[in-house]
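One structure is given below, encoded as structure tokens.
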Amino acid sequence: MKAAVIESVGRAVVAEVPDPTPGPREVVVEVAACGLCGTDLHILQGEFAPKLPIVPGHEFAGEVVGVGTLVTELSLGDQVAVDPSLYCYECRFCRTGHNNLCERWAAIGVTTAGGAAQYAVAPVANCVKLPEHIRTQDAALVEPLSCAVRGYDVLNSRLGAHVLIYGSGTMGLMMLELAKRTGAASVDIVDINAQRLTTAERLGVSASATSADELERPQGWDLVVDATGNAAAIQDGLGRVAKAGTFLQFGVADYATRVTIDPYRIYNSEITITGSMAVLHSFERAAELFANGVLDPETFISDRLPLDQYPQALEQFASGVGRKIVVLP
């Protein structure tokens with residue numbers, strides 16, 4: 001079969017690889033679409049993936065075309081979205097309900113072959129069957145949405161909160177849509193990319209700007225979310241949190257990214273600084289939200305490119321052009 005392969009640091013190609021074979025409790029998915037994510041860029045840079053080469057792609061959906069001998073939950077022809085998370089279920093963190101922090105954490109498309117291919121293997125437990133009205137090519141959005149749902153779980157948002165989001169890429173826009181539906185009094189977005197801000201405005205953001213200095217909230221925001229991973233944005237956002245407010249590190253920063261904090265202000269204003277890592281008990285909820293129309297795929301997916309153009313798609317993603325880019329095997 002044909003697949004994208006990150007061969008070495010900085011090098012991605014499209015090549016022929018062996019067809020996958022399912023284990024007893026696994027299925028083979030014919031991939032309809034696979035989304036690109038910041039994690040893919042980190043893998044290209046030599047971070048996250050324990051070894052290369054690897055077939056990337058942890059945001060994908062498709063049709064079940066093969067089932068293992070002990071699979072009864074799914075049948076050939078079922079349309080599914082795939083949760084890429086692979087846990088040991090044995091370590092301290094798994095046993096205390098923090099599976100996403102598993103000491104042996106692994107993921108389809110990060111540590112094992114992923115969905116940037118014609119076919120992918122997944123445990124049946126990781127597959128969520130999709131209703132018939134969902135277009136499977138759009139359902140690659142379920143995985144990033146599940147990360148956003150997890151982010152909102154961490155925030156413990158209250159009704160009437162004032163929210164500031166840094167970054168109006170896919171994840172920032174998803175956080176916007178969730179904030180609107182969880183009773184936020186206002187949702188503002190900051191991004192240096194004016195074109196992306198246009199999309200946020202179309203989705204009904206309260207205010208948008210290229211700098212938080214342009215926004216009128218001198219007392220700060222109750223919830224500040226970084227969806228960029230950029231040091232300058234994170235540093236600025238930390239200073240915008242209102243008293244008793246929360247800062248969520250949601251964007252994935254490079255390993256070397258550093259910012260400074262003001263310990264006295266954190267103490268004196270009772271500010272919470274927290275993080276959200278990937279998916280935790282949120283994939284099924286994201287699939288239901290998606291099925292109920294929480295996102296407009298045509299707004300979120302800006303580019304649908306053939307799998308043969310995976311290296312070019314990575315370059316486009318890295319340049320910040322467009323929103324969600326998916327490849328179509």
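Chain identifiers are assigned as A, B, and so on, following the order in which chains appear in the structure tokens; residues are numbered from 1 within each chain, and ligands are numbered from 1 in order of appearance.
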Met1 (chain A): which residues within 8 Å, counting only C-alpha atoms, same-chain residues fewer than 5 positions away excluded, as a PDB file with N, CA, C and O atoms, in the first residue's frame?
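This is the output file around-v6.pdb:
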ATOM      1  N   GLU A  16       5.847   2.897  -0.887  1.00  0.00           N
ATOM      2  CA  GLU A  16       5.100   1.659  -0.741  1.00  0.00           C
ATOM      3  C   GLU A  16       5.563   0.947   0.525  1.00  0.00           C
ATOM      4  O   GLU A  16       6.759   0.784   0.741  1.00  0.00           O
ATOM      5  N   VAL A  17       4.605   0.531   1.350  1.00  0.00           N
ATOM      6  CA  VAL A  17       4.903  -0.216   2.574  1.00  0.00           C
ATOM      7  C   VAL A  17       3.990  -1.439   2.612  1.00  0.00           C
ATOM      8  O   VAL A  17       2.980  -1.491   1.898  1.00  0.00           O
ATOM      9  N   PRO A  18       4.291  -2.441   3.430  1.00  0.00           N
ATOM     10  CA  PRO A  18       3.448  -3.642   3.468  1.00  0.00           C
ATOM     11  C   PRO A  18       2.029  -3.331   3.936  1.00  0.00           C
ATOM     12  O   PRO A  18       1.806  -2.454   4.767  1.00  0.00           O
ATOM     13  N   ASP A  19       1.073  -4.073   3.391  1.00  0.00           N
ATOM     14  CA  ASP A  19      -0.305  -3.936   3.857  1.00  0.00           C
ATOM     15  C   ASP A  19      -0.400  -4.394   5.308  1.00  0.00           C
ATOM     16  O   ASP A  19       0.251  -5.361   5.714  1.00  0.00           O
ATOM     17  N   ALA A 117      -1.949   6.963   5.269  1.00  0.00           N
ATOM     18  CA  ALA A 117      -1.737   5.775   4.434  1.00  0.00           C
ATOM     19  C   ALA A 117      -3.079   5.326   3.886  1.00  0.00           C
ATOM     20  O   ALA A 117      -4.135   5.795   4.315  1.00  0.00           O
ATOM     21  N   GLN A 118      -3.019   4.391   2.940  1.00  0.00           N
ATOM     22  CA  GLN A 118      -4.266   3.857   2.404  1.00  0.00           C
ATOM     23  C   GLN A 118      -5.021   3.042   3.459  1.00  0.00           C
ATOM     24  O   GLN A 118      -6.251   3.055   3.504  1.00  0.00           O
ATOM     25  N   TYR A 119      -4.268   2.321   4.298  1.00  0.00           N
ATOM     26  CA  TYR A 119      -4.880   1.477   5.317  1.00  0.00           C
ATOM     27  C   TYR A 119      -4.129   1.651   6.633  1.00  0.00           C
ATOM     28  O   TYR A 119      -2.921   1.917   6.653  1.00  0.00           O
TER      29      TYR A 119
END
Report as a PyMOL selection string all protein, DNA and RNA residues lying within 12 Å of region 173-175 of chain A, evaluated on only C-alpha atoms, omitting residues in the same chain fewer than 6 positions from it. chain A and resi 141-153+155+157+163-167+181-182+184+187-191+196-205+208+223-228+248+250-251+286+289-290+294-297+299-301+323-324
Kindly give the distance, in Å, that separates CA of Ile54 (chain A) and CA of Cys91 (chain A), rounded to a single decimal.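 Going from CA of Ile54 (chain A) over to CA of Cys91 (chain A) covers 25.5 Å.
Proximity to Tyr255 (chain A) was assessed for A:Ala313, A:Leu280, A:Val13, A:Ala231 counting only C-alpha atoms; the smallest distance is recorded for A:Ala231.
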Could you pull out the strand (DSSP E) residues of region 159-263 of chain A, going by DSSP on the backbone, and write them as a ChimeraX atom specification? /A:162-166,186-190,207-209,221-226,241-249
Min atom-atom distance to Thr170 (chain A) from the set A:Ser302, A:Thr136, A:Gln316, A:Ser85, counting only C-alpha atoms, belongs to A:Ser302
Taking the chain letters and numbering used in this document, name the residues of region 61-299 of chain A that DSSP puts in helix (DSSP H, G or I), as an MDAnalysis selection string. chainID A and resid 92:95 99:101 124:126 136:155 170:181 194:202 212:214 231:238 263:268 283:291 297:299
Within 12 Å of Ala81 (chain A), counting only C-alpha atoms, which residues show up once you throw out same-chain ones fewer than 4 positions away? Write them as a ChimeraX atom specification, please. /A:29-35,58-64,115,120,122-131,134-146,283-284,286-288,290-291
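Closest to Ala3 (chain A) among A:Leu36, A:Val80, A:Ala15, A:Leu41 is A:Ala15, based on only C-alpha atoms.
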Could you tell me which of A:Cys102, A:Leu44, A:Val67, A:Val55 comes closest to Gly23 (chain A) if we count only C-alpha atoms?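 Among the listed residues, the smallest separation from Gly23 (chain A) belongs to A:Val67.
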Could you work out how far CA of Pro263 (chain A) lies from CA of Asp222 (chain A), giving the answer in Å with one decimal?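 It comes out at 18.2 Å.
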A:Leu238, A:Ala209, A:Leu86, A:Gly293: which is nearest Leu178 (chain A), counting only C-alpha atoms? A:Gly293
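The space between CA of Arg240 (chain A) and CA of Asp213 (chain A) spans 9.8 Å.
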